[in-house]
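J.: Before anything else, here's the structure in question.
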Amino acid sequence: MQLDVIVIGGSFAGLSAAMQLARGQRKVTVIDAGEPRNRFSDQSHGFFGLDGVSPFAIQQEAYRQLLKYPTVNIVKHRAVAVEKNASGFGITLEDNTTLRSKKLILATGLRDELPSIPGLKERWGATVIHCPYCHGYEVRNQPLGVIATSPLSAHQAGMIPDWGPTTYFTQGLYEPDEEQRAFLLKRGVTIESTPVLEVLGRAPEITSVYLADGRTLRIAALFIGPKTHMASPFAEQLGCEFEDGPLGLVIKTDALNQTSIEGVFAAGDVSNPMQNATLASASGVMAGVGAHKSLMQD
């Protein structure tokens with residue numbers, strides 16, 4: 001049986017896309033390997049009407065609502081191969097099952113690469129965080145730090161004082177230019193050029209950071225802009241075009257979230273230069289609508 005659409009990825013973007021197609025009475029299957037980018041966070045913040053609810057709970061409720069629609073199926077498996085053919089797409093699962101569809105939506109997410117500093121990984125999503133709008137309120141009014149990972153880190157450091165007193169750790173690599181330095185000092189940011197070597201405290205808490213010159217500085221939470229990578233090779237394998245995002249490549253899409261490959265749509269962090277739960281869901285809606293419109297034109 002050939003489905004109308006297969007969605008690879010069962011988090012905010014993929015499920016939002018599937019909902020539009022379900023309501024359009026299209027046969028849609030969501031393939032979910034169960035490894036969303038947000039799995040390291042206990043709560044999702046800033047998502048309209050669901051502030052403070054865990055990403056897992058939001059996902060489970062979305063599953064429940066989607067499965068009310070008779071044309072929807074959810075497959076808890078990992079997709080291992082994707083093929084484009086004359087009639088559409090073939091997606092092979094890890095159990096060697098092959099599903100076929102006319103259209104494909106990639107909502108496969110990104111993988112975050114953290115700096116190789118001891119103590120960061122085990123705190124990721126709790127006290128080592130990226131987005132102040134997602135997590136800043138929970139660490140407010142405490143000593144906060146920004147560990148530089150790119151030239152954009154100085155901009156990030158300029159934002160954080162709205163949540164607490166901020167130290168910008170340049171790591172000796174990303175020193176602010178004259179204009180950035182003036183802005184950071186105006187914002188009350190302390191600029192520290194000595195690199196952070198280790199994060200101290202009983203995870204997930206942070207008590208301080210240990211610097212290369214032997215000092216320790218009291219810090220309660222650290223903001224980092226991780227380098228990002230595609231969590232799945234499918235976009236590259238299909239020949240989709242990419243473009244530069246702030247921290248890594250994203251899939252290039254048009255106004256309806258179709259990629260450079262006809263019939264392939266992308267949604268969520270894989271195609272959004274700016275990334276959070278709301279934006280992921282919104283792009284999923286657009287990809288679902290785009291796929292539906294493409295089906296109608298066929």
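Convention: chains lettered A, B, ... in structure tokens order; per-chain residue numbering from 1; ligands numbered from 1 as shown.
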Counting only C-alpha atoms, what is within 8 Å of A:Val53, bar same-chain residues fewer than 5 positions away, as a short mmCIF file (atom, residue, chain, number, x, y, z; two decimals) with all heavy atoms, in the first residue's frame?

T.:
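Full text of out17.cif as output:
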data_model
loop_
_atom_site.label_atom_id
_atom_site.label_comp_id
_atom_site.auth_asym_id
_atom_site.auth_seq_id
_atom_site.Cartn_x
_atom_site.Cartn_y
_atom_site.Cartn_z
N GLN A 43 11.40 19.95 31.09
CA GLN A 43 10.23 20.79 30.84
C GLN A 43 10.42 21.59 29.56
O GLN A 43 11.54 21.93 29.18
CB GLN A 43 10.01 21.77 32.01
CG GLN A 43 9.65 21.09 33.33
CD GLN A 43 9.42 22.11 34.43
OE1 GLN A 43 10.03 23.17 34.47
NE2 GLN A 43 8.52 21.78 35.36
N SER A 44 9.31 21.88 28.91
CA SER A 44 9.29 22.76 27.74
C SER A 44 8.70 24.10 28.17
O SER A 44 7.63 24.13 28.79
CB SER A 44 8.45 22.14 26.62
OG SER A 44 8.34 23.04 25.53
N HIS A 45 9.39 25.18 27.87
CA HIS A 45 8.91 26.50 28.29
C HIS A 45 8.70 27.41 27.09
O HIS A 45 9.37 27.29 26.06
CB HIS A 45 9.92 27.14 29.25
CG HIS A 45 9.97 26.48 30.58
ND1 HIS A 45 8.97 26.59 31.51
CD2 HIS A 45 10.89 25.65 31.12
CE1 HIS A 45 9.29 25.89 32.59
NE2 HIS A 45 10.45 25.29 32.37
N ILE A 58 3.96 16.26 26.25
CA ILE A 58 3.36 16.93 25.10
C ILE A 58 3.29 15.97 23.92
O ILE A 58 2.27 15.86 23.22
CB ILE A 58 4.15 18.20 24.73
CG1 ILE A 58 4.04 19.24 25.85
CG2 ILE A 58 3.65 18.79 23.41
CD1 ILE A 58 4.95 20.44 25.67
#

J.: Counting only C-alpha atoms, what is within 9 Å of stretch 170-177 of chain A, bar same-chain residues fewer than 4 positions away, as a PDB file with all heavy atoms, in the first residue's frame?

T.:
ATOM      1  N   VAL A 146      28.376  32.615  29.910  1.00  0.00           N
ATOM      2  CA  VAL A 146      28.271  32.240  28.506  1.00  0.00           C
ATOM      3  C   VAL A 146      29.644  31.747  28.075  1.00  0.00           C
ATOM      4  O   VAL A 146      30.631  32.488  28.172  1.00  0.00           O
ATOM      5  CB  VAL A 146      27.845  33.424  27.619  1.00  0.00           C
ATOM      6  CG1 VAL A 146      27.883  33.032  26.140  1.00  0.00           C
ATOM      7  CG2 VAL A 146      26.455  33.908  28.008  1.00  0.00           C
ATOM      8  N   ILE A 147      29.729  30.497  27.637  1.00  0.00           N
ATOM      9  CA  ILE A 147      30.975  29.953  27.116  1.00  0.00           C
ATOM     10  C   ILE A 147      30.965  30.106  25.601  1.00  0.00           C
ATOM     11  O   ILE A 147      30.097  29.570  24.910  1.00  0.00           O
ATOM     12  CB  ILE A 147      31.157  28.476  27.512  1.00  0.00           C
ATOM     13  CG1 ILE A 147      31.346  28.366  29.038  1.00  0.00           C
ATOM     14  CG2 ILE A 147      32.353  27.872  26.791  1.00  0.00           C
ATOM     15  CD1 ILE A 147      31.591  26.962  29.529  1.00  0.00           C
ATOM     16  N   ALA A 148      31.929  30.844  25.090  1.00  0.00           N
ATOM     17  CA  ALA A 148      31.966  31.155  23.667  1.00  0.00           C
ATOM     18  C   ALA A 148      32.275  29.910  22.836  1.00  0.00           C
ATOM     19  O   ALA A 148      33.188  29.144  23.150  1.00  0.00           O
ATOM     20  CB  ALA A 148      32.997  32.228  23.399  1.00  0.00           C
ATOM     21  N   THR A 149      31.517  29.751  21.779  1.00  0.00           N
ATOM     22  CA  THR A 149      31.740  28.653  20.828  1.00  0.00           C
ATOM     23  C   THR A 149      31.829  29.145  19.393  1.00  0.00           C
ATOM     24  O   THR A 149      32.164  28.366  18.495  1.00  0.00           O
ATOM     25  CB  THR A 149      30.599  27.624  20.908  1.00  0.00           C
ATOM     26  OG1 THR A 149      29.351  28.293  20.644  1.00  0.00           O
ATOM     27  CG2 THR A 149      30.528  26.977  22.287  1.00  0.00           C
ATOM     28  N   SER A 150      31.494  30.418  19.157  1.00  0.00           N
ATOM     29  CA  SER A 150      31.502  30.979  17.813  1.00  0.00           C
ATOM     30  C   SER A 150      31.504  32.502  17.929  1.00  0.00           C
ATOM     31  O   SER A 150      31.286  33.047  19.014  1.00  0.00           O
ATOM     32  CB  SER A 150      30.266  30.517  17.029  1.00  0.00           C
ATOM     33  OG  SER A 150      29.127  31.260  17.420  1.00  0.00           O
ATOM     34  N   PRO A 151      31.695  33.207  16.814  1.00  0.00           N
ATOM     35  CA  PRO A 151      31.615  34.668  16.852  1.00  0.00           C
ATOM     36  C   PRO A 151      30.261  35.193  17.325  1.00  0.00           C
ATOM     37  O   PRO A 151      30.156  36.338  17.773  1.00  0.00           O
ATOM     38  CB  PRO A 151      31.891  35.073  15.392  1.00  0.00           C
ATOM     39  CG  PRO A 151      32.711  33.965  14.846  1.00  0.00           C
ATOM     40  CD  PRO A 151      32.169  32.722  15.492  1.00  0.00           C
ATOM     41  N   LEU A 152      29.207  34.376  17.229  1.00  0.00           N
ATOM     42  CA  LEU A 152      27.876  34.796  17.673  1.00  0.00           C
ATOM     43  C   LEU A 152      27.732  34.778  19.192  1.00  0.00           C
ATOM     44  O   LEU A 152      26.749  35.293  19.726  1.00  0.00           O
ATOM     45  CB  LEU A 152      26.814  33.890  17.051  1.00  0.00           C
ATOM     46  CG  LEU A 152      26.606  34.015  15.542  1.00  0.00           C
ATOM     47  CD1 LEU A 152      25.621  32.966  15.062  1.00  0.00           C
ATOM     48  CD2 LEU A 152      26.104  35.406  15.189  1.00  0.00           C
ATOM     49  N   SER A 153      28.680  34.182  19.892  1.00  0.00           N
ATOM     50  CA  SER A 153      28.559  34.049  21.350  1.00  0.00           C
ATOM     51  C   SER A 153      28.541  35.399  22.056  1.00  0.00           C
ATOM     52  O   SER A 153      27.904  35.548  23.098  1.00  0.00           O
ATOM     53  CB  SER A 153      29.693  33.184  21.891  1.00  0.00           C
ATOM     54  OG  SER A 153      29.599  31.862  21.390  1.00  0.00           O
ATOM     55  N   ALA A 154      29.232  36.384  21.496  1.00  0.00           N
ATOM     56  CA  ALA A 154      29.218  37.717  22.107  1.00  0.00           C
ATOM     57  C   ALA A 154      27.807  38.295  22.083  1.00  0.00           C
ATOM     58  O   ALA A 154      27.370  38.952  23.040  1.00  0.00           O
ATOM     59  CB  ALA A 154      30.191  38.636  21.387  1.00  0.00           C
ATOM     60  N   ARG A 181      32.505  44.877  22.607  1.00  0.00           N
ATOM     61  CA  ARG A 181      32.992  45.089  23.972  1.00  0.00           C
ATOM     62  C   ARG A 181      32.264  46.253  24.641  1.00  0.00           C
ATOM     63  O   ARG A 181      31.847  46.163  25.795  1.00  0.00           O
ATOM     64  CB  ARG A 181      34.503  45.337  23.956  1.00  0.00           C
ATOM     65  CG  ARG A 181      35.123  45.515  25.342  1.00  0.00           C
ATOM     66  CD  ARG A 181      36.621  45.639  25.239  1.00  0.00           C
ATOM     67  NE  ARG A 181      37.225  44.391  24.800  1.00  0.00           N
ATOM     68  CZ  ARG A 181      37.614  43.423  25.626  1.00  0.00           C
ATOM     69  NH1 ARG A 181      37.463  43.581  26.940  1.00  0.00           N
ATOM     70  NH2 ARG A 181      38.145  42.318  25.156  1.00  0.00           N
ATOM     71  N   ALA A 182      32.083  47.329  23.901  1.00  0.00           N
ATOM     72  CA  ALA A 182      31.380  48.483  24.453  1.00  0.00           C
ATOM     73  C   ALA A 182      29.945  48.126  24.830  1.00  0.00           C
ATOM     74  O   ALA A 182      29.442  48.536  25.892  1.00  0.00           O
ATOM     75  CB  ALA A 182      31.404  49.633  23.448  1.00  0.00           C
ATOM     76  N   LEU A 184      28.756  45.046  25.527  1.00  0.00           N
ATOM     77  CA  LEU A 184      28.755  44.112  26.652  1.00  0.00           C
ATOM     78  C   LEU A 184      29.000  44.848  27.973  1.00  0.00           C
ATOM     79  O   LEU A 184      28.332  44.579  28.981  1.00  0.00           O
ATOM     80  CB  LEU A 184      29.816  43.028  26.445  1.00  0.00           C
ATOM     81  CG  LEU A 184      29.542  42.024  25.315  1.00  0.00           C
ATOM     82  CD1 LEU A 184      30.729  41.091  25.138  1.00  0.00           C
ATOM     83  CD2 LEU A 184      28.268  41.228  25.566  1.00  0.00           C
ATOM     84  N   ILE A 191      33.806  40.388  31.113  1.00  0.00           N
ATOM     85  CA  ILE A 191      34.487  39.660  30.043  1.00  0.00           C
ATOM     86  C   ILE A 191      35.696  38.946  30.628  1.00  0.00           C
ATOM     87  O   ILE A 191      36.578  39.573  31.226  1.00  0.00           O
ATOM     88  CB  ILE A 191      34.914  40.615  28.919  1.00  0.00           C
ATOM     89  CG1 ILE A 191      33.680  41.316  28.336  1.00  0.00           C
ATOM     90  CG2 ILE A 191      35.671  39.854  27.827  1.00  0.00           C
ATOM     91  CD1 ILE A 191      34.003  42.440  27.365  1.00  0.00           C
ATOM     92  N   GLU A 192      35.720  37.620  30.473  1.00  0.00           N
ATOM     93  CA  GLU A 192      36.787  36.780  31.047  1.00  0.00           C
ATOM     94  C   GLU A 192      37.471  36.019  29.920  1.00  0.00           C
ATOM     95  O   GLU A 192      36.858  35.185  29.256  1.00  0.00           O
ATOM     96  CB  GLU A 192      36.199  35.807  32.067  1.00  0.00           C
ATOM     97  CG  GLU A 192      37.194  34.838  32.669  1.00  0.00           C
ATOM     98  CD  GLU A 192      38.339  35.525  33.361  1.00  0.00           C
ATOM     99  OE1 GLU A 192      38.106  36.145  34.414  1.00  0.00           O
ATOM    100  OE2 GLU A 192      39.464  35.441  32.830  1.00  0.00           O
ATOM    101  N   SER A 193      38.766  36.312  29.716  1.00  0.00           N
ATOM    102  CA  SER A 193      39.504  35.694  28.615  1.00  0.00           C
ATOM    103  C   SER A 193      40.183  34.391  28.991  1.00  0.00           C
ATOM    104  O   SER A 193      40.610  33.634  28.115  1.00  0.00           O
ATOM    105  CB  SER A 193      40.552  36.677  28.067  1.00  0.00           C
ATOM    106  OG  SER A 193      39.912  37.814  27.510  1.00  0.00           O
ATOM    107  N   THR A 194      40.327  34.109  30.286  1.00  0.00           N
ATOM    108  CA  THR A 194      40.946  32.858  30.710  1.00  0.00           C
ATOM    109  C   THR A 194      39.971  31.708  30.485  1.00  0.00           C
ATOM    110  O   THR A 194      38.835  31.758  30.956  1.00  0.00           O
ATOM    111  CB  THR A 194      41.347  32.912  32.188  1.00  0.00           C
ATOM    112  OG1 THR A 194      42.192  34.047  32.397  1.00  0.00           O
ATOM    113  CG2 THR A 194      42.080  31.650  32.610  1.00  0.00           C
ATOM    114  N   PRO A 195      40.394  30.662  29.775  1.00  0.00           N
ATOM    115  CA  PRO A 195      39.446  29.592  29.422  1.00  0.00           C
ATOM    116  C   PRO A 195      38.907  28.818  30.621  1.00  0.00           C
ATOM    117  O   PRO A 195      39.615  28.602  31.609  1.00  0.00           O
ATOM    118  CB  PRO A 195      40.282  28.676  28.530  1.00  0.00           C
ATOM    119  CG  PRO A 195      41.386  29.528  28.013  1.00  0.00           C
ATOM    120  CD  PRO A 195      41.696  30.494  29.113  1.00  0.00           C
ATOM    121  N   VAL A 196      37.646  28.394  30.498  1.00  0.00           N
ATOM    122  CA  VAL A 196      37.039  27.444  31.436  1.00  0.00           C
ATOM    123  C   VAL A 196      37.563  26.057  31.100  1.00  0.00           C
ATOM    124  O   VAL A 196      37.488  25.614  29.953  1.00  0.00           O
ATOM    125  CB  VAL A 196      35.504  27.468  31.327  1.00  0.00           C
ATOM    126  CG1 VAL A 196      34.890  26.365  32.195  1.00  0.00           C
ATOM    127  CG2 VAL A 196      34.952  28.830  31.722  1.00  0.00           C
TER     128      VAL A 196
END

J.: Pick out the closest residue to A:Gly24 from this set: A:Tyr69, A:Ile261, A:Pro55, A:Asn38. Count only C-alpha atoms.

T.: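 Smallest distance to A:Gly24 is found for A:Tyr69.
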
J.: What are the DSSP alpha helix (DSSP H) residues of stretch 146-239 of chain A, as a list in words?

T.: Ser153, Ala154, His155, Gln156, Ala157, Gly158, Met159, Glu178, Glu179, Gln180, Arg181, Ala182, Phe183, Leu184, Leu185, Lys186, Phe234, Ala235, Glu236, Gln237 and Leu238 of chain A

J.: Show me, as a compact mmCIF listing (two decimals) with all heavy atoms, in the first residue's frame, the residues that have an atom within 8 Å of A:Ala81 when counting only C-alpha atoms, minus same-chain residues fewer than 2 positions from it.

T.:
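Once written, selection-v5.txt looks like this:
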# COMPACT_ATOMS: atom_id res chain seq x y z
N ALA A 79 14.08 4.66 10.99
CA ALA A 79 14.27 4.58 9.55
C ALA A 79 15.77 4.51 9.27
O ALA A 79 16.56 5.25 9.85
CB ALA A 79 13.66 5.79 8.87
N GLU A 83 14.67 6.10 -0.23
CA GLU A 83 14.90 6.04 -1.67
C GLU A 83 13.80 6.79 -2.40
O GLU A 83 12.61 6.66 -2.08
CB GLU A 83 14.92 4.58 -2.13
CG GLU A 83 15.09 4.41 -3.64
CD GLU A 83 14.86 2.98 -4.09
OE1 GLU A 83 14.27 2.20 -3.32
OE2 GLU A 83 15.27 2.66 -5.22
N ILE A 91 10.84 4.01 2.27
CA ILE A 91 11.56 4.19 3.53
C ILE A 91 11.73 2.84 4.18
O ILE A 91 10.74 2.15 4.48
CB ILE A 91 10.83 5.16 4.49
CG1 ILE A 91 10.86 6.59 3.93
CG2 ILE A 91 11.50 5.15 5.85
CD1 ILE A 91 9.81 6.88 2.90
N THR A 92 12.97 2.43 4.38
CA THR A 92 13.27 1.14 4.99
C THR A 92 13.52 1.32 6.48
O THR A 92 14.29 2.21 6.88
CB THR A 92 14.50 0.49 4.34
OG1 THR A 92 14.25 0.35 2.94
CG2 THR A 92 14.78 -0.88 4.94
N LEU A 93 12.88 0.47 7.29
CA LEU A 93 13.05 0.52 8.73
C LEU A 93 14.12 -0.47 9.17
O LEU A 93 14.55 -1.33 8.39
CB LEU A 93 11.72 0.19 9.42
CG LEU A 93 10.51 1.03 9.00
CD1 LEU A 93 9.28 0.60 9.78
CD2 LEU A 93 10.79 2.51 9.20
N PHE A 234 19.43 11.58 5.78
CA PHE A 234 18.49 11.42 4.67
C PHE A 234 18.45 12.62 3.73
O PHE A 234 18.34 12.45 2.51
CB PHE A 234 17.10 11.11 5.19
CG PHE A 234 17.01 9.83 5.98
CD1 PHE A 234 16.13 9.71 7.04
CD2 PHE A 234 17.82 8.75 5.66
CE1 PHE A 234 16.05 8.53 7.78
CE2 PHE A 234 17.75 7.57 6.38
CZ PHE A 234 16.87 7.46 7.45

J.: So how many Å separate atom CA of A:Gly52 and atom CA of A:Pro132, to one decimal?

T.: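 The value is 14.4 Å.
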
J.: May I ask which of the residues A:Cys240, A:Ile8, A:Ala57, A:Val270 is the closest one to A:Ser41, counting only C-alpha atoms?

T.: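 The answer is A:Ala57, which sits nearest to A:Ser41.
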
J.: Find the residue from A:Gly125, A:Pro118, A:Pro161, A:Pro273 that sits nearest to A:Gly145; use only C-alpha atoms when measuring.

T.: A:Pro161

J.: Find the residue from A:Arg39, A:Gln275, A:Phe169, A:Asp162 that sits nearest to A:Ser54; use only C-alpha atoms when measuring.

T.: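 For A:Ser54, the nearest of the given residues is A:Arg39.
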
J.: Just asking: which residues within stretch 190-250 of chain A are strand (DSSP E) according to DSSP, as a PyMOL selection string?

T.: chain A and resi 190-192+196-200+208-211+216-218+221-224+227-230+242-244+249-250

J.: With 12 Å as the cut-off and only C-alpha atoms counted, what is the closest atom pair between each nearby residue of stretch 91-170 of chain A and stretch 250-258 of chain A? Distances in Å to one decimal, ordered by chain and number, as CSV.

T.:
residue,atom,partner,partner_atom,distance
A:Lys103,CA,A:Gln258,CA,10.3
A:Leu104,CA,A:Gln258,CA,9.7
A:Ile105,CA,A:Gln258,CA,8.6
A:Leu106,CA,A:Ile251,CA,9.7
A:Ala107,CA,A:Ile251,CA,10.7
A:Thr108,CA,A:Ile251,CA,11.1
A:Gly109,CA,A:Val250,CA,10.0
A:Leu110,CA,A:Val250,CA,9.1
A:Arg111,CA,A:Val250,CA,11.8

J.: A:Ser11, A:Gln60, A:Asn141, A:Gln2: which is nearest A:Thr98, counting only C-alpha atoms?

T.: A:Gln2

J.: Using only C-alpha atoms, which residues sit within 12 Å of A:Leu120 once same-chain residues fewer than 6 positions away are excluded, as a ChimeraX atom specification?

T.: /A:113-114,126-130,147,196-206,209,221-224,226

J.: Deliver the residues from the most recent selection as a file, using C-alpha atoms, as a compact mmCIF listing (two decimals), in the first residue's frame.

T.:
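Wrote part-v3.txt, looks like this:
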# COMPACT_ATOMS: atom_id res chain seq x y z
CA GLU A 113 27.96 19.18 19.64
CA LEU A 114 29.10 20.64 22.96
CA ALA A 126 19.29 21.52 32.88
CA THR A 127 21.96 24.04 33.93
CA VAL A 128 23.94 24.00 30.69
CA ILE A 129 21.48 25.49 28.22
CA HIS A 130 21.19 27.30 24.92
CA ILE A 147 30.98 29.95 27.12
CA VAL A 196 37.04 27.44 31.44
CA LEU A 197 38.59 24.01 31.91
CA GLU A 198 35.93 22.27 34.00
CA VAL A 199 32.43 22.70 35.39
CA LEU A 200 32.21 21.95 39.11
CA GLY A 201 29.39 20.82 41.42
CA ARG A 202 27.09 17.85 41.78
CA ALA A 203 25.30 17.47 38.45
CA PRO A 204 22.90 18.76 37.36
CA GLU A 205 23.77 21.67 39.67
CA ILE A 206 26.71 23.96 39.00
CA VAL A 209 33.79 26.85 36.94
CA ALA A 221 24.16 28.11 34.94
CA LEU A 222 25.98 28.26 31.63
CA PHE A 223 24.66 29.26 28.22
CA ILE A 224 26.26 27.70 25.16
CA PRO A 226 26.41 24.28 20.44

J.: Measuring atom to atom with only C-alpha atoms, identify which of A:Ala86, A:Ala235, A:Met274, A:Met286 is nearest to A:Cys131.

T.: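 Once distances to A:Cys131 are computed over only C-alpha atoms, the minimum belongs to A:Met274.
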
J.: Would you work out the distance separating atom CA of A:Pro36 from atom CA of A:Arg78, expressed in Å to one decimal?

T.: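 These atoms are spaced 12.2 Å apart.
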
J.: Separation of atom CA of A:Ile117 and atom CA of A:Glu138, in Å?

T.: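 A separation of 23.2 Å between them.
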